[in-house]
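Asks: The structure is given below, and queries will be raised subsequently.
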Amino acid sequence: MTSSSHRQYSLGELTRVLGGEVAGNPDTKVQRVGTLENAGVDSITFLTSDRFLHQLPHTRASAVILSTAHKDATALPRIVCGNPYVYFARVSALLDPVAPAQPGIHPAALVPASAVLGAKVSIGPYAVLGENVHLGDGVVIGAGCVVGDDVTVGSETRLHANVTIYHGCRLGARCLLHAGVVIGADGFGIAAEDGRWVKVPQVGRVVMGDDIEVGANTTIDRGAIDDTVIEDGVKLDNLIQIAHNVHIGAHTAIAACTGIAGSAHIGRRCQIGGAVGIAGHLSIADDVNISGKTLITKSISEPGTYSGGYPFEPNRAWRRNAAQIRHLDTLVKTVKQLEKRLAEMERKLS
Amino acid sequence: MTSSSHRQYSLGELTRVLGGEVAGNPDTKVQRVGTLENAGVDSITFLTSDRFLHQLPHTRASAVILSTAHKDATALPRIVCGNPYVYFARVSALLDPVAPAQPGIHPAALVPASAVLGAKVSIGPYAVLGENVHLGDGVVIGAGCVVGDDVTVGSETRLHANVTIYHGCRLGARCLLHAGVVIGADGFGIAAEDGRWVKVPQVGRVVMGDDIEVGANTTIDRGAIDDTVIEDGVKLDNLIQIAHNVHIGAHTAIAACTGIAGSAHIGRRCQIGGAVGIAGHLSIADDVNISGKTLITKSISEPGTYSGGYPFEPNRAWRRNAAQIRHLDTLVKTVKQLEKRLAEMERKLS
Amino acid sequence: MTSSSHRQYSLGELTRVLGGEVAGNPDTKVQRVGTLENAGVDSITFLTSDRFLHQLPHTRASAVILSTAHKDATALPRIVCGNPYVYFARVSALLDPVAPAQPGIHPAALVPASAVLGAKVSIGPYAVLGENVHLGDGVVIGAGCVVGDDVTVGSETRLHANVTIYHGCRLGARCLLHAGVVIGADGFGIAAEDGRWVKVPQVGRVVMGDDIEVGANTTIDRGAIDDTVIEDGVKLDNLIQIAHNVHIGAHTAIAACTGIAGSAHIGRRCQIGGAVGIAGHLSIADDVNISGKTLITKSISEPGTYSGGYPFEPNRAWRRNAAQIRHLDTLVKTVKQLEKRLAEMERKLS
């Protein structure tokens, strides 16, 4: 873990700020977070599930965050709360705050006179802003970022290094874009004519709400005609592709390597696993969970969990079984024939 | 959509430039494109298929582009043509032309004296050119791009921001490379020796034809010995991996998140869906379509559409069915035994 | 292939440097490497397998590298050695050495006074170093790279252009990171609370050993609490996602487009194909091979090859067969019923 020097907090101080109750000595001091397995003596750790209970007796942490159900699972000083993982997240943010970017425009950043900048904006070296860019208060533009003409970025949003935002796109407040992200590149719009492709201009934008996180090297394409829309609170992992005119509902989370094809409409509060593929022009209801590597080829209208991963096996067994998939339909027909013949014999014998 | 001010065109003007016939008032003016669903009153929209006919009565567009077959599907002023989607693409390019890059070399670009630059080249801030780079007329190099030694770029080709081209690679004319693209990084060449890997130098190049589009963060590796080759008119979406010594035939289009392994040879005019995987050292014929998320493990010698996606289901049903895949071969043997036993009984009873 | 001028080597010189034995004229001169198929007369090629024996009579190469088993497969001058592919890799490195980066700090690089730089470090234009960065001897930082605070980079490691390394990460010696790589972005840590996501701070680092290669646009996330660890000699292809707290054992090689979810522990000397997905919190033993596009959902404790690709087919056949997968469990039950009914009849007839 990073070796920055931390301020110490007592459990009593933590509960005064974050709620929850202390069991054991409230003066116990902690200054960093740790896992049950690897925490040091100055650390506070957390327990989210029975699955990790066996690690609890061996932890070297000074204190533990846990739920009411696990209140008596250890004699260590502890904080009892409703949602230990969220509580831990808040403790971690308190103990190890993100170093704020130095406000100011680096002399090696290019910021045209047409830029409209809020208070305490930070623009890193070799960042390039187009014309008429609006940056809200506290926006951080990392080194090497390129922000196109007419882009709007809401307050407290941070772009890490080497992010590219194409012209006309809008980002809300408190978003976090990781390095290498590309927002607003042309959607994949091509029209066939005589065995060649004619480019279809992509004149829509990307419009993103507040509190969105976008992982490293993820790409979100601009709309073909209307906009691509990412609603508030959406969380995207790394290396995700969001095609033109996709709409992602609020508070949906998507794991890495997933691709969503054009004009797909994803509901709110969905949880989409890694390497999922979602075909274009379909609709996924709110509160849908999709397991990793599933291919979604039809709309889903009911909440629930959907899956479609192929089960892996030792190569030799896989060869044998996978070879039969190409004969499945024939097998089904054979079984139907057998049923008929058997019924016929049963009739004869009865 | 972006809010640039547009010049107005009448339907008569459009058909004089682009062909087709006006039905209804040829003086109808339009100044932007729109979808059937969301077009405003100053917009022209288009109809490509019966699938969208139900939206036609509700459109607020001022005019519609449609095919001869749909000529009488609306009373709105309209342009009748052979290929409405291509026609629409051309209208869109006319109404909303891409802002041309300002010709000239930004003072914060690094362009060595050895560079050979065509007329009206535009090189953005913080772009870096290696030695002996040749840029054709009208080439645009975006902010933050890094172009290696001995690279050649054909006329009117445009690199968006933060693109990297390694030494020795060749790009044709009128190509469009989106932000974050990497052309010519080392192929994944490693040779095993005593449980370790020895790097195999990658001394080939990437050689790209004309009229190619490459989506954001897509990577095309240089050849190991011979070159990686992308022929004219190829269209690549975002986050695609093209490995060393792949050859992609002219006018093939590939959707996002697809990976093509080393030395695969892809034909002309193929259409390859998203998240497809193509194994190395195989050959795909011309005019092959591959559905999304298919894994291609053998050469394909016949045109046609090939698929291999696993059907998704509600998780509970998937669990039940997927578990049986590991017993498919056994099931087939059981059915064969049943057939034998049944035949034996039928023989006895006959 | 690239057209740099090469120094000539005789076969005798090569074997004096690299071992192996010459058969035929040891004064045969070569100056570049070539494939069996495309080598020119000044080239040396290689034969690794019987599979390519048929190309040997047609090669225009001046000399061939081959194994003892193939010693007499050609009359061309040749080098006989134990591992022709590794030998070839070394010959290629000798004939076509990577151009060394010019040592020195480019005036347009930003290197704070707190940086600790080894001998012969090269830092390209528009590269940005944070505070307290340590670079070993001979480190090369490419144009446009952004290296965060407190990063350590071992000697002879090279970052190509536009790489981003977040604060606190550690890279070993002799690593090679290709363009667009992002090391140390936040892992995808989010905790659910009332239908929204709370960000879990990612306070771990990425710690990488020696002799690692990382392909273009690949992302390796920092640990949530403990570190993400990549051991010595690991080779990663392009567009790979390594999530927080993953541990990859020494000398494991991973092909492009693969994603490894959080806290997965991958063994040593594994070979993982392209587009593989590995679920989080599981463990893969040493010496495991995984075929392309396989989804690994459970730990693997035994060495061997594991697969899980769905077999592709012409679309019509795929439709028929894939449709039956949703009825597999029912089919199995039907077959069991048939077995019972048949056994009953056999009993009656016996």
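FYI, nothing fancy with the structure tokens labels: chains A, B, ... in order, residues from 1 per chain, ligands from 1 as they appear.
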Within 7 Å of chain A, which residues belong to chain C? Use only C-alpha atoms and report them as a PDB file with C-alpha atoms, in the first residue's frame.
Replies:
ATOM      1  CA  TYR C 126       6.016  16.452 -23.005  1.00  0.00           C
ATOM      2  CA  GLY C 144       3.729  12.239 -23.526  1.00  0.00           C
ATOM      3  CA  VAL C 146       2.726  10.878 -17.248  1.00  0.00           C
ATOM      4  CA  THR C 164       0.338   6.739 -17.640  1.00  0.00           C
ATOM      5  CA  GLY C 168       3.136   5.126  -5.758  1.00  0.00           C
ATOM      6  CA  GLY C 180      -1.288   3.801 -24.018  1.00  0.00           C
ATOM      7  CA  VAL C 182      -2.240   2.643 -17.790  1.00  0.00           C
ATOM      8  CA  ALA C 185      -5.682   3.540 -12.005  1.00  0.00           C
ATOM      9  CA  PHE C 188     -13.382  -0.940  -9.517  1.00  0.00           C
ATOM     10  CA  ALA C 191     -20.141  -0.408  -2.245  1.00  0.00           C
ATOM     11  CA  GLY C 195     -29.492   1.910  -4.607  1.00  0.00           C
ATOM     12  CA  ARG C 196     -26.416   4.092  -5.115  1.00  0.00           C
ATOM     13  CA  TRP C 197     -22.712   3.400  -5.164  1.00  0.00           C
ATOM     14  CA  VAL C 198     -20.197   4.658  -2.652  1.00  0.00           C
ATOM     15  CA  LYS C 199     -16.624   4.721  -3.954  1.00  0.00           C
ATOM     16  CA  VAL C 200     -14.211   2.533  -2.033  1.00  0.00           C
ATOM     17  CA  PRO C 201     -10.849   4.333  -2.013  1.00  0.00           C
ATOM     18  CA  VAL C 203      -5.100   2.811  -1.507  1.00  0.00           C
ATOM     19  CA  GLY C 204      -2.953  -0.107  -2.695  1.00  0.00           C
ATOM     20  CA  ARG C 205      -0.343   0.113  -5.442  1.00  0.00           C
ATOM     21  CA  ASN C 217      -3.527   0.071 -24.053  1.00  0.00           C
ATOM     22  CA  THR C 219      -4.590  -1.533 -17.934  1.00  0.00           C
ATOM     23  CA  ILE C 225      -6.008  -2.056   0.201  1.00  0.00           C
ATOM     24  CA  ASP C 226      -3.089  -4.410  -0.456  1.00  0.00           C
ATOM     25  CA  ASP C 227      -1.164  -4.236  -3.746  1.00  0.00           C
ATOM     26  CA  GLN C 241      -7.483  -5.736 -18.003  1.00  0.00           C
ATOM     27  CA  GLY C 259      -9.757  -9.707 -18.409  1.00  0.00           C
ATOM     28  CA  THR C 294     -12.619 -19.443 -22.017  1.00  0.00           C
ATOM     29  CA  LEU C 295     -14.495 -18.210 -18.955  1.00  0.00           C
ATOM     30  CA  ILE C 296     -12.920 -19.429 -15.714  1.00  0.00           C
ATOM     31  CA  THR C 305      -5.021 -27.193 -20.447  1.00  0.00           C
ATOM     32  CA  TYR C 306      -8.544 -25.900 -19.859  1.00  0.00           C
ATOM     33  CA  SER C 307     -11.022 -24.777 -22.480  1.00  0.00           C
ATOM     34  CA  GLY C 308     -14.505 -23.428 -22.807  1.00  0.00           C
ATOM     35  CA  GLY C 309     -15.075 -21.945 -26.235  1.00  0.00           C
ATOM     36  CA  TYR C 310     -18.426 -22.442 -27.902  1.00  0.00           C
ATOM     37  CA  PRO C 311     -18.017 -24.167 -31.289  1.00  0.00           C
ATOM     38  CA  ARG C 320     -30.873 -24.967 -34.596  1.00  0.00           C
ATOM     39  CA  ASN C 321     -28.315 -26.329 -32.162  1.00  0.00           C
ATOM     40  CA  GLN C 324     -31.589 -26.822 -27.938  1.00  0.00           C
ATOM     41  CA  LEU C 338     -36.687 -43.533 -21.697  1.00  0.00           C
TER      42      LEU C 338
END
Asks: Can you give me the C-alpha RMSD, to one decimal in Å, for chain A fitted onto chain B with all Cα atoms paired in order?
Replies: 0.0 Å
Asks: In Å, how far is it from atom CA of Ala192 of chain A to atom CA of Ser291 of chain B?
Replies: 17.6 Å
Asks: Would you mind listing what lies within 7 Å of Val128 of chain A as number ranges by chain, with only C-alpha atoms counted and same-chain residues fewer than 5 positions away left out?
Replies: A: 109-111, 145-147
Asks: Which of segment 42-175 of chain A counts as strand (DSSP E or B) under DSSP, as a short mmCIF file (atom, residue, chain, number, x, y, z; two decimals) with all heavy atoms, in the first residue's frame please?
Replies:
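Dumped everything to states25.cif:
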data_model
loop_
_atom_site.label_atom_id
_atom_site.label_comp_id
_atom_site.auth_asym_id
_atom_site.auth_seq_id
_atom_site.Cartn_x
_atom_site.Cartn_y
_atom_site.Cartn_z
N SER A 43 -3.84 -0.56 12.11
CA SER A 43 -4.87 -0.58 11.06
C SER A 43 -6.25 -0.93 11.59
O SER A 43 -6.39 -1.61 12.60
CB SER A 43 -4.51 -1.62 9.99
OG SER A 43 -3.28 -1.28 9.39
N ILE A 44 -7.23 -0.50 10.82
CA ILE A 44 -8.61 -0.92 11.04
C ILE A 44 -9.02 -1.75 9.84
O ILE A 44 -8.72 -1.42 8.69
CB ILE A 44 -9.54 0.29 11.27
CG1 ILE A 44 -10.97 -0.18 11.59
CG2 ILE A 44 -9.55 1.26 10.08
CD1 ILE A 44 -11.85 0.92 12.20
N THR A 45 -9.67 -2.87 10.09
CA THR A 45 -10.09 -3.76 9.02
C THR A 45 -11.60 -3.91 9.07
O THR A 45 -12.27 -3.21 9.83
CB THR A 45 -9.35 -5.11 9.12
OG1 THR A 45 -9.67 -5.89 7.97
CG2 THR A 45 -9.74 -5.88 10.38
N PHE A 46 -12.16 -4.80 8.25
CA PHE A 46 -13.61 -4.92 8.23
C PHE A 46 -14.01 -6.35 7.88
O PHE A 46 -13.25 -7.09 7.26
CB PHE A 46 -14.22 -3.95 7.22
CG PHE A 46 -13.84 -4.25 5.80
CD1 PHE A 46 -14.77 -4.76 4.89
CD2 PHE A 46 -12.55 -4.03 5.35
CE1 PHE A 46 -14.41 -5.03 3.58
CE2 PHE A 46 -12.18 -4.30 4.04
CZ PHE A 46 -13.13 -4.80 3.16
N ALA A 63 -8.43 -2.82 15.10
CA ALA A 63 -9.87 -2.64 15.23
C ALA A 63 -10.56 -3.20 13.99
O ALA A 63 -9.92 -3.38 12.95
CB ALA A 63 -10.21 -1.16 15.39
N VAL A 64 -11.84 -3.49 14.15
CA VAL A 64 -12.61 -4.13 13.07
C VAL A 64 -13.95 -3.40 12.92
O VAL A 64 -14.58 -3.02 13.91
CB VAL A 64 -12.89 -5.61 13.40
CG1 VAL A 64 -13.56 -6.30 12.22
CG2 VAL A 64 -11.62 -6.35 13.78
N ILE A 65 -14.36 -3.23 11.67
CA ILE A 65 -15.70 -2.72 11.36
C ILE A 65 -16.56 -3.94 11.03
O ILE A 65 -16.17 -4.74 10.16
CB ILE A 65 -15.66 -1.76 10.15
CG1 ILE A 65 -14.72 -0.58 10.43
CG2 ILE A 65 -17.06 -1.28 9.79
CD1 ILE A 65 -14.30 0.17 9.17
N LEU A 66 -17.69 -4.08 11.67
CA LEU A 66 -18.54 -5.24 11.38
C LEU A 66 -20.00 -4.91 11.63
O LEU A 66 -20.34 -3.85 12.16
CB LEU A 66 -18.08 -6.49 12.14
CG LEU A 66 -17.48 -6.34 13.55
CD1 LEU A 66 -18.51 -5.78 14.48
CD2 LEU A 66 -16.95 -7.66 14.04
N SER A 67 -20.86 -5.85 11.24
CA SER A 67 -22.30 -5.61 11.34
C SER A 67 -22.82 -6.08 12.69
O SER A 67 -22.14 -6.82 13.41
CB SER A 67 -23.02 -6.36 10.23
OG SER A 67 -22.89 -7.75 10.46
N ARG A 78 -14.00 -2.54 18.18
CA ARG A 78 -14.69 -2.64 16.90
C ARG A 78 -15.76 -1.56 16.75
O ARG A 78 -16.21 -0.99 17.74
CB ARG A 78 -15.31 -4.02 16.73
CG ARG A 78 -16.21 -4.46 17.87
CD ARG A 78 -16.12 -6.00 18.03
NE ARG A 78 -17.03 -6.49 19.06
CZ ARG A 78 -16.70 -6.52 20.37
NH1 ARG A 78 -15.54 -6.07 20.81
NH2 ARG A 78 -17.58 -6.98 21.24
N ILE A 79 -16.12 -1.33 15.49
CA ILE A 79 -17.23 -0.44 15.20
C ILE A 79 -18.35 -1.28 14.62
O ILE A 79 -18.14 -2.02 13.65
CB ILE A 79 -16.81 0.69 14.23
CG1 ILE A 79 -15.81 1.62 14.91
CG2 ILE A 79 -18.03 1.47 13.74
CD1 ILE A 79 -15.23 2.70 14.00
N VAL A 80 -19.52 -1.19 15.22
CA VAL A 80 -20.68 -1.96 14.77
C VAL A 80 -21.59 -1.03 13.98
O VAL A 80 -21.93 0.05 14.45
CB VAL A 80 -21.43 -2.56 15.98
CG1 VAL A 80 -22.59 -3.43 15.50
CG2 VAL A 80 -20.47 -3.36 16.86
N CYS A 81 -21.94 -1.46 12.78
CA CYS A 81 -22.72 -0.57 11.92
C CYS A 81 -23.58 -1.38 10.96
O CYS A 81 -23.48 -2.61 10.91
CB CYS A 81 -21.78 0.34 11.13
SG CYS A 81 -20.69 -0.57 10.03
N GLY A 104 -4.98 25.94 -10.20
CA GLY A 104 -4.17 26.79 -11.08
C GLY A 104 -3.98 26.16 -12.43
O GLY A 104 -4.18 24.95 -12.62
N ILE A 105 -3.62 26.98 -13.37
CA ILE A 105 -3.39 26.52 -14.74
C ILE A 105 -1.88 26.42 -14.95
O ILE A 105 -1.17 27.41 -14.82
CB ILE A 105 -3.99 27.52 -15.74
CG1 ILE A 105 -5.50 27.62 -15.50
CG2 ILE A 105 -3.69 27.08 -17.18
CD1 ILE A 105 -6.18 28.66 -16.35
N LEU A 110 -2.65 24.66 -22.45
CA LEU A 110 -3.17 25.60 -23.46
C LEU A 110 -4.64 25.85 -23.18
O LEU A 110 -5.48 24.97 -23.39
CB LEU A 110 -2.99 25.03 -24.86
CG LEU A 110 -1.55 24.99 -25.36
CD1 LEU A 110 -1.48 24.33 -26.72
CD2 LEU A 110 -0.97 26.40 -25.43
N VAL A 116 -14.32 29.26 -20.07
CA VAL A 116 -15.00 29.80 -18.90
C VAL A 116 -14.67 28.88 -17.74
O VAL A 116 -15.09 27.72 -17.71
CB VAL A 116 -16.53 29.85 -19.12
CG1 VAL A 116 -17.23 30.37 -17.88
CG2 VAL A 116 -16.85 30.70 -20.34
N LEU A 117 -13.91 29.38 -16.77
CA LEU A 117 -13.37 28.54 -15.72
C LEU A 117 -13.95 28.90 -14.36
O LEU A 117 -13.98 30.07 -13.98
CB LEU A 117 -11.84 28.69 -15.66
CG LEU A 117 -11.08 28.47 -16.97
CD1 LEU A 117 -9.57 28.61 -16.73
CD2 LEU A 117 -11.40 27.11 -17.57
N SER A 122 -8.03 23.23 -11.73
CA SER A 122 -6.64 22.82 -11.89
C SER A 122 -6.46 22.23 -13.28
O SER A 122 -7.17 21.29 -13.67
CB SER A 122 -6.29 21.76 -10.83
OG SER A 122 -5.05 21.17 -11.13
N ILE A 123 -5.54 22.78 -14.04
CA ILE A 123 -5.28 22.26 -15.40
C ILE A 123 -3.80 21.92 -15.50
O ILE A 123 -2.94 22.78 -15.29
CB ILE A 123 -5.69 23.29 -16.47
CG1 ILE A 123 -7.16 23.68 -16.26
CG2 ILE A 123 -5.46 22.72 -17.86
CD1 ILE A 123 -7.70 24.65 -17.29
N VAL A 128 -4.72 20.45 -23.27
CA VAL A 128 -5.13 21.33 -24.36
C VAL A 128 -6.64 21.50 -24.32
O VAL A 128 -7.37 20.51 -24.39
CB VAL A 128 -4.72 20.73 -25.72
CG1 VAL A 128 -5.21 21.62 -26.86
CG2 VAL A 128 -3.21 20.54 -25.80
N LEU A 129 -7.10 22.72 -24.20
CA LEU A 129 -8.54 22.98 -24.26
C LEU A 129 -8.89 23.61 -25.60
O LEU A 129 -8.17 24.49 -26.09
CB LEU A 129 -8.95 23.95 -23.14
CG LEU A 129 -9.43 23.33 -21.82
CD1 LEU A 129 -8.41 22.37 -21.25
CD2 LEU A 129 -9.78 24.41 -20.80
N HIS A 134 -16.28 25.05 -20.92
CA HIS A 134 -16.74 25.50 -19.61
C HIS A 134 -16.32 24.47 -18.56
O HIS A 134 -16.70 23.31 -18.65
CB HIS A 134 -18.27 25.62 -19.57
CG HIS A 134 -18.80 26.79 -20.33
ND1 HIS A 134 -19.65 27.73 -19.78
CD2 HIS A 134 -18.60 27.19 -21.60
CE1 HIS A 134 -19.95 28.65 -20.69
NE2 HIS A 134 -19.32 28.34 -21.80
N LEU A 135 -15.57 24.92 -17.56
CA LEU A 135 -15.17 24.03 -16.47
C LEU A 135 -15.75 24.58 -15.18
O LEU A 135 -15.52 25.74 -14.83
CB LEU A 135 -13.65 23.95 -16.35
CG LEU A 135 -12.85 23.54 -17.59
CD1 LEU A 135 -11.36 23.46 -17.24
CD2 LEU A 135 -13.34 22.22 -18.16
N VAL A 140 -10.61 19.29 -12.24
CA VAL A 140 -9.19 18.96 -12.41
C VAL A 140 -9.00 18.31 -13.78
O VAL A 140 -9.62 17.30 -14.08
CB VAL A 140 -8.71 17.98 -11.32
CG1 VAL A 140 -7.23 17.62 -11.54
CG2 VAL A 140 -8.91 18.59 -9.94
N ILE A 141 -8.17 18.93 -14.60
CA ILE A 141 -7.84 18.38 -15.91
C ILE A 141 -6.39 17.90 -15.84
O ILE A 141 -5.48 18.70 -15.61
CB ILE A 141 -7.98 19.45 -17.01
CG1 ILE A 141 -9.37 20.09 -16.99
CG2 ILE A 141 -7.63 18.88 -18.38
CD1 ILE A 141 -10.50 19.19 -17.42
N VAL A 146 -6.85 16.22 -23.63
CA VAL A 146 -7.26 17.06 -24.75
C VAL A 146 -8.78 17.18 -24.70
O VAL A 146 -9.49 16.18 -24.79
CB VAL A 146 -6.80 16.46 -26.09
CG1 VAL A 146 -7.27 17.33 -27.25
CG2 VAL A 146 -5.27 16.33 -26.11
N VAL A 147 -9.26 18.40 -24.54
CA VAL A 147 -10.69 18.66 -24.38
C VAL A 147 -11.14 19.50 -25.57
O VAL A 147 -10.61 20.59 -25.80
CB VAL A 147 -10.94 19.42 -23.05
CG1 VAL A 147 -12.41 19.75 -22.89
CG2 VAL A 147 -10.44 18.59 -21.87
N THR A 152 -18.46 20.93 -21.87
CA THR A 152 -18.82 21.43 -20.54
C THR A 152 -18.49 20.36 -19.51
O THR A 152 -18.85 19.19 -19.71
CB THR A 152 -20.33 21.73 -20.47
OG1 THR A 152 -20.62 22.74 -21.44
CG2 THR A 152 -20.72 22.24 -19.10
N VAL A 153 -17.83 20.75 -18.44
CA VAL A 153 -17.46 19.81 -17.38
C VAL A 153 -17.98 20.36 -16.05
O VAL A 153 -17.65 21.48 -15.67
CB VAL A 153 -15.93 19.62 -17.30
CG1 VAL A 153 -15.57 18.61 -16.20
CG2 VAL A 153 -15.37 19.16 -18.64
N ARG A 158 -13.01 15.24 -12.18
CA ARG A 158 -11.56 15.10 -12.36
C ARG A 158 -11.25 14.19 -13.56
O ARG A 158 -11.73 13.07 -13.64
CB ARG A 158 -10.95 14.50 -11.10
CG ARG A 158 -9.46 14.24 -11.26
CD ARG A 158 -8.80 13.82 -9.95
NE ARG A 158 -7.36 13.91 -10.14
CZ ARG A 158 -6.48 13.96 -9.15
NH1 ARG A 158 -6.89 13.94 -7.91
NH2 ARG A 158 -5.18 14.03 -9.40
N LEU A 159 -10.43 14.71 -14.45
CA LEU A 159 -9.89 13.90 -15.55
C LEU A 159 -8.45 13.55 -15.21
O LEU A 159 -7.62 14.45 -15.02
CB LEU A 159 -9.89 14.69 -16.86
CG LEU A 159 -11.17 14.77 -17.68
CD1 LEU A 159 -12.33 15.31 -16.89
CD2 LEU A 159 -10.95 15.60 -18.94
N THR A 164 -9.11 12.04 -23.47
CA THR A 164 -9.54 12.84 -24.61
C THR A 164 -11.06 12.99 -24.60
O THR A 164 -11.78 12.00 -24.53
CB THR A 164 -9.12 12.17 -25.94
OG1 THR A 164 -7.71 11.97 -25.94
CG2 THR A 164 -9.50 13.05 -27.13
N ILE A 165 -11.53 14.23 -24.65
CA ILE A 165 -12.97 14.51 -24.76
C ILE A 165 -13.19 15.24 -26.09
O ILE A 165 -12.62 16.31 -26.31
CB ILE A 165 -13.47 15.42 -23.62
CG1 ILE A 165 -12.93 14.99 -22.27
CG2 ILE A 165 -14.99 15.53 -23.63
CD1 ILE A 165 -13.63 13.88 -21.60
N ARG A 170 -20.78 16.77 -22.85
CA ARG A 170 -21.10 17.37 -21.55
C ARG A 170 -20.87 16.35 -20.45
O ARG A 170 -21.45 15.27 -20.48
CB ARG A 170 -22.57 17.80 -21.51
CG ARG A 170 -22.95 18.77 -22.59
CD ARG A 170 -24.44 19.10 -22.53
NE ARG A 170 -24.75 19.84 -21.33
CZ ARG A 170 -24.74 21.19 -21.28
NH1 ARG A 170 -24.48 21.90 -22.36
NH2 ARG A 170 -25.01 21.80 -20.16
N LEU A 171 -20.09 16.74 -19.44
CA LEU A 171 -19.88 15.91 -18.26
C LEU A 171 -20.47 16.61 -17.06
O LEU A 171 -20.31 17.82 -16.91
CB LEU A 171 -18.38 15.70 -18.02
CG LEU A 171 -17.65 14.65 -18.84
CD1 LEU A 171 -17.56 15.04 -20.29
CD2 LEU A 171 -16.26 14.41 -18.27
#
Asks: Can you measure atom CA of Pro100 of chain C to atom CA of Gly130 of chain B for me? One decimal in Å is fine.
Replies: 13.7 Å
Asks: Separation of atom CA of Gln102 of chain C and atom CA of Glu131 of chain B, in Å?
Replies: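 Answer for the atom CA of Gln102 of chain C to atom CA of Glu131 of chain B separation: 12.9 Å.
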